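What follows is a single structure, written as structure tokens, with notes after it.
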Amino acid sequence: MENAPSNDIDWLRAALPSSIESDPFHQRPFFQEQLTLAFQHALASPLFAAPRLAQWFRKNRKLGSKDRRRVSDAVYGLIKHEQILRKANRWGPLHWAKAWIDICAGHRFPNIESTTPAEDFSVALSLPKEITEEWRHKKTPKECLSLAQNINARAPTYIRAQGVEPPELQEILRRENIQTQLEPDAPYALSLLQRANLQASAAFRNGLFEIQDLSSQLLCAAMPKEGIIVDLCAGAGGKSLALAAEGAKVYASDIRAGALANLKKRAKRASLPIQVGLPKHADIVLVDAPCSGSGRLRREPTLRWKWQKNHLKHRKDQRLLLQQAASILKNTGTIVYATCSILEAENTPKIPGWVSVREQWIWPQKGDGFYWNILKRTQ
């Protein structure tokens with residue numbers, strides 16, 4: 001039986017924070033000016049808003065590191081709440097900058113009226129209704145409420161200890177004034193208790209940890225590791241490094257030369273032997289497929305603007321990658337199909353002659369939304 005949020009929950013405001021810690025900086029004209037400029041820069045090319053904003057913040061000499069974080073939090077917060085601001089007749093970057101101050105103060109926009117649970121849930125998440133309807137009918141009302149709040153919350157930061165036990169790494173980082181807590185869900189995971197410049201840490205430079213989301217760490221912990229593993233869409237190699245750190249023999253492949261160059265640097269820093277390229281045959285192929293990224297919405301709020309045309313544009317690539325994975329494998333091989341998506345259409349891998357032996361959905365809660373499916377041959 002399908003679930004849907006009940007009418008007695010205020011779905012229109014479900015994703016609004018109850019309040020954000022008051023900051024006198026938000027009241028300054030300078031903050032409103034910088035937030036307005038940042039939002040205008042993002043809106044100038046919505047499909048490339050994330051790299052444009054990163055460049056704008058990098059080149060903006062008027063903002064110190066602390067103020068840069070404040071303005072960055074605000075501009076991405078506004079993107080997360082864009083639809084409710086439009087519904088409240090807040091138009092344009094200047095009015096939205098002032099609206100952020102209201103949101104920080106716990107303003108709930110009492111004058112805007114609810115329509116239907118379906119429409120309100122879409123507005124709350126600033127996402128197309130076709131996406132939110134899938135979640136709305138798959139989850140219970142309580143789960144939908146949690147989903148709305150988690151997707152629009154600030155993304156946590158997780159690291160993975162390598163070459164050192166997590167409690168020992170925790171103490172090393174404490175001596176560098178970086179506070180963490182151990183995460184029992186994954187064997188090598190720690191989470192940050194405050195913001196920190198991790199890449200400037202001596203522990204990072206010495207290869208004692210990598211920045212990696214908890215969901216990805218859970219996948220690597222669950223994967224079989226016997227024989228030769230091919231990471232077919234390795235990117236910068238986070239999962240390749242995690243598997244190699246546990247003693248797996250890993251080959252990494254990706255169509256992006258720049259990502260592989262980054263992987264080589266990371267492997268050298270961690271002193272991990274990862275081969276770049278494809279072997280003749282493999283025992284396991286990990287297909288971390290390109291996807292909508294719907295599980296990373298709180299970490300990448302501007303994905304909302306990329307989805308206006310086609311949020312499922314990667315399905316053909318996903319099918320082709322599964323076929324390529326099958327062609328590399330020995331007869332007794334295993335495919336591990338994964339996405340950072342929480343959409344059904346991207347998470348139903350079908351390949352003739354293969355059957356699922358273990359499937360896992362991870363909804364955005366502690367880590368990012370994520371999915372994986374371990375497949376075995378049937379013949």
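Just remember, in the structure tokens the first chain shown is A, the second B, etc., residues are 1-based per chain, and ligands are 1-based in the order shown.
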Using only C-alpha atoms, which protein or nucleic acid residues come within 8 Å of region 342-357 of chain A? Drop anything in the same chain fewer than 5 positions from it, and give the result as a list of chain:residue names.
A:Ile131, A:Glu134, A:Cys291, A:Ser294, A:Gly295, A:Leu312, A:Arg315, A:Gln318, A:Arg319, A:Leu322, A:Gln323, A:Tyr337, A:Ile362, A:Trp363, A:Gly369, A:Phe370, A:Tyr371, A:Trp372, A:Asn373, A:Ile374, A:Leu375, A:Lys376, A:Arg377, A:Thr378, A:Gln379
Would you output that residue set with N, CA, C and O atoms, as an mmCIF file, in the first residue's frame?
data_model
loop_
_atom_site.group_PDB
_atom_site.id
_atom_site.type_symbol
_atom_site.label_atom_id
_atom_site.label_comp_id
_atom_site.auth_asym_id
_atom_site.auth_seq_id
_atom_site.Cartn_x
_atom_site.Cartn_y
_atom_site.Cartn_z
ATOM 1 N N ILE A 131 9.541 14.349 -8.946
ATOM 2 C CA ILE A 131 10.525 13.742 -8.054
ATOM 3 C C ILE A 131 9.945 13.560 -6.656
ATOM 4 O O ILE A 131 10.015 12.481 -6.070
ATOM 5 N N GLU A 134 7.375 10.692 -6.090
ATOM 6 C CA GLU A 134 7.906 9.335 -5.906
ATOM 7 C C GLU A 134 8.236 9.092 -4.447
ATOM 8 O O GLU A 134 7.892 8.050 -3.887
ATOM 9 N N CYS A 291 24.731 9.738 -12.394
ATOM 10 C CA CYS A 291 23.299 9.753 -12.075
ATOM 11 C C CYS A 291 22.849 11.177 -11.793
ATOM 12 O O CYS A 291 23.620 12.130 -11.917
ATOM 13 N N SER A 294 20.604 12.847 -6.835
ATOM 14 C CA SER A 294 19.517 13.247 -5.929
ATOM 15 C C SER A 294 19.820 12.956 -4.472
ATOM 16 O O SER A 294 19.252 13.587 -3.579
ATOM 17 N N GLY A 295 20.719 12.014 -4.199
ATOM 18 C CA GLY A 295 21.091 11.754 -2.813
ATOM 19 C C GLY A 295 22.028 12.790 -2.225
ATOM 20 O O GLY A 295 22.273 12.805 -1.029
ATOM 21 N N LEU A 312 16.913 12.532 -15.477
ATOM 22 C CA LEU A 312 17.220 11.120 -15.686
ATOM 23 C C LEU A 312 18.024 10.902 -16.962
ATOM 24 O O LEU A 312 17.928 9.856 -17.605
ATOM 25 N N ARG A 315 20.456 7.487 -17.780
ATOM 26 C CA ARG A 315 20.030 6.088 -17.768
ATOM 27 C C ARG A 315 20.690 5.261 -18.870
ATOM 28 O O ARG A 315 21.032 4.097 -18.669
ATOM 29 N N GLN A 318 24.125 4.387 -17.782
ATOM 30 C CA GLN A 318 24.086 3.380 -16.730
ATOM 31 C C GLN A 318 23.965 1.981 -17.336
ATOM 32 O O GLN A 318 24.663 1.047 -16.909
ATOM 33 N N ARG A 319 23.118 1.833 -18.342
ATOM 34 C CA ARG A 319 22.954 0.526 -18.994
ATOM 35 C C ARG A 319 24.239 0.110 -19.709
ATOM 36 O O ARG A 319 24.658 -1.046 -19.624
ATOM 37 N N LEU A 322 26.897 -1.101 -17.249
ATOM 38 C CA LEU A 322 26.608 -2.453 -16.765
ATOM 39 C C LEU A 322 27.047 -3.498 -17.787
ATOM 40 O O LEU A 322 27.622 -4.536 -17.435
ATOM 41 N N GLN A 323 26.785 -3.224 -19.060
ATOM 42 C CA GLN A 323 27.206 -4.142 -20.114
ATOM 43 C C GLN A 323 28.726 -4.242 -20.182
ATOM 44 O O GLN A 323 29.290 -5.329 -20.348
ATOM 45 N N TYR A 337 26.738 -2.425 -8.446
ATOM 46 C CA TYR A 337 26.184 -1.234 -9.088
ATOM 47 C C TYR A 337 25.793 -0.242 -7.999
ATOM 48 O O TYR A 337 25.121 -0.602 -7.025
ATOM 49 N N ILE A 362 20.074 3.840 0.984
ATOM 50 C CA ILE A 362 20.416 4.700 2.119
ATOM 51 C C ILE A 362 19.795 6.063 1.856
ATOM 52 O O ILE A 362 20.136 6.740 0.882
ATOM 53 N N TRP A 363 18.893 6.453 2.718
ATOM 54 C CA TRP A 363 18.238 7.754 2.550
ATOM 55 C C TRP A 363 19.023 8.819 3.303
ATOM 56 O O TRP A 363 19.685 8.515 4.302
ATOM 57 N N GLY A 369 22.301 10.430 0.517
ATOM 58 C CA GLY A 369 21.475 9.378 -0.035
ATOM 59 C C GLY A 369 22.308 8.534 -0.990
ATOM 60 O O GLY A 369 23.114 9.067 -1.758
ATOM 61 N N PHE A 370 22.107 7.224 -0.963
ATOM 62 C CA PHE A 370 22.966 6.336 -1.743
ATOM 63 C C PHE A 370 22.233 5.026 -1.990
ATOM 64 O O PHE A 370 21.285 4.677 -1.275
ATOM 65 N N TYR A 371 22.681 4.312 -3.025
ATOM 66 C CA TYR A 371 22.078 3.020 -3.367
ATOM 67 C C TYR A 371 23.164 2.104 -3.898
ATOM 68 O O TYR A 371 24.090 2.556 -4.580
ATOM 69 N N TRP A 372 23.083 0.818 -3.545
ATOM 70 C CA TRP A 372 23.929 -0.149 -4.233
ATOM 71 C C TRP A 372 23.208 -1.483 -4.361
ATOM 72 O O TRP A 372 22.268 -1.786 -3.632
ATOM 73 N N ASN A 373 23.668 -2.253 -5.358
ATOM 74 C CA ASN A 373 23.088 -3.548 -5.651
ATOM 75 C C ASN A 373 24.227 -4.482 -6.078
ATOM 76 O O ASN A 373 24.970 -4.168 -6.990
ATOM 77 N N ILE A 374 24.361 -5.607 -5.377
ATOM 78 C CA ILE A 374 25.384 -6.599 -5.721
ATOM 79 C C ILE A 374 24.736 -7.656 -6.601
ATOM 80 O O ILE A 374 23.744 -8.283 -6.210
ATOM 81 N N LEU A 375 25.290 -7.847 -7.808
ATOM 82 C CA LEU A 375 24.700 -8.731 -8.828
ATOM 83 C C LEU A 375 25.615 -9.905 -9.115
ATOM 84 O O LEU A 375 26.846 -9.743 -9.208
ATOM 85 N N LYS A 376 25.008 -11.094 -9.320
ATOM 86 C CA LYS A 376 25.739 -12.314 -9.691
ATOM 87 C C LYS A 376 25.136 -12.897 -10.958
ATOM 88 O O LYS A 376 23.934 -12.731 -11.235
ATOM 89 N N ARG A 377 25.964 -13.612 -11.717
ATOM 90 C CA ARG A 377 25.468 -14.291 -12.915
ATOM 91 C C ARG A 377 24.507 -15.412 -12.530
ATOM 92 O O ARG A 377 24.676 -16.077 -11.516
ATOM 93 N N THR A 378 23.519 -15.634 -13.383
ATOM 94 C CA THR A 378 22.590 -16.754 -13.186
ATOM 95 C C THR A 378 22.929 -17.923 -14.082
ATOM 96 O O THR A 378 22.328 -18.993 -13.954
ATOM 97 N N GLN A 379 23.835 -17.709 -15.041
ATOM 98 C CA GLN A 379 24.183 -18.793 -15.974
ATOM 99 C C GLN A 379 25.624 -18.671 -16.422
ATOM 100 O O GLN A 379 26.258 -17.662 -16.211
#
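The protein and nucleic acid residues lying at most 8 Å from His26 (chain A) are Phe31, Gln32 and Ile101 of chain A, with only C-alpha atoms considered and sequence neighbours fewer than 5 positions away removed.
Among the candidates A:Leu219, A:Val71, A:Ala236, A:Ala124, the residue lying nearest to Arg86 (chain A) is A:Ala124 (atoms considered: only C-alpha atoms).
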Between CA of Leu35 (chain A) and CA of Asn60 (chain A), what is the distance in Å, rounded to a tenth?
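Going from CA of Leu35 (chain A) over to CA of Asn60 (chain A), I get 12.0 Å.
Between Glu246 (chain A) and the residues A:Arg160, A:Lys280, A:Arg70, A:Arg175, the shortest atom-to-atom distance, using only C-alpha atoms, involves A:Arg160.
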Would you please extract all strand (DSSP E or B) residues from region 22-242 of chain A, as assigned by DSSP on the backbone, and give them as a list in words?
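Restricting region 22-242 of chain A to strand (DSSP E or B) produces Tyr158, Ile159, Arg160, Ala161, Thr180, Gln181, Leu182, Ala189, Leu190, Ser191, Leu192, Phe209, Glu210, Ile211, Ile228, Ile229, Val230 and Asp231 of chain A.
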For Ile151 (chain A), please output as a PyMOL selection string all residues within 8 Å (counting only C-alpha atoms; exclusion window: fewer than 4 positions along the same chain).
chain A and resi 15+125+147+297-298+364
Writing out the chosen residues with N, CA and C atoms as a compact mmCIF listing (two decimals), in the first residue's frame:
# COMPACT_ATOMS: atom_id res chain seq x y z
N ALA A 15 10.48 21.87 5.45
CA ALA A 15 11.93 21.88 5.32
C ALA A 15 12.57 23.15 5.87
N LEU A 125 10.71 21.32 -0.73
CA LEU A 125 12.02 20.83 -1.11
C LEU A 125 12.60 21.58 -2.30
N LEU A 147 12.91 13.31 5.69
CA LEU A 147 13.59 13.51 4.41
C LEU A 147 13.66 14.99 4.06
N LEU A 297 21.65 16.20 -2.50
CA LEU A 297 21.01 17.51 -2.62
C LEU A 297 21.45 18.49 -1.55
N ARG A 298 21.64 18.05 -0.33
CA ARG A 298 22.02 19.03 0.69
C ARG A 298 23.48 19.44 0.52
N PRO A 364 18.99 10.07 2.84
CA PRO A 364 19.78 11.12 3.49
C PRO A 364 19.40 11.25 4.96
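Residue nearest Val285 (chain A) within the list A:Leu321, A:Ala118, A:Ala270, A:Leu53: A:Leu321 [criterion: smallest interatomic distance, only C-alpha atoms].
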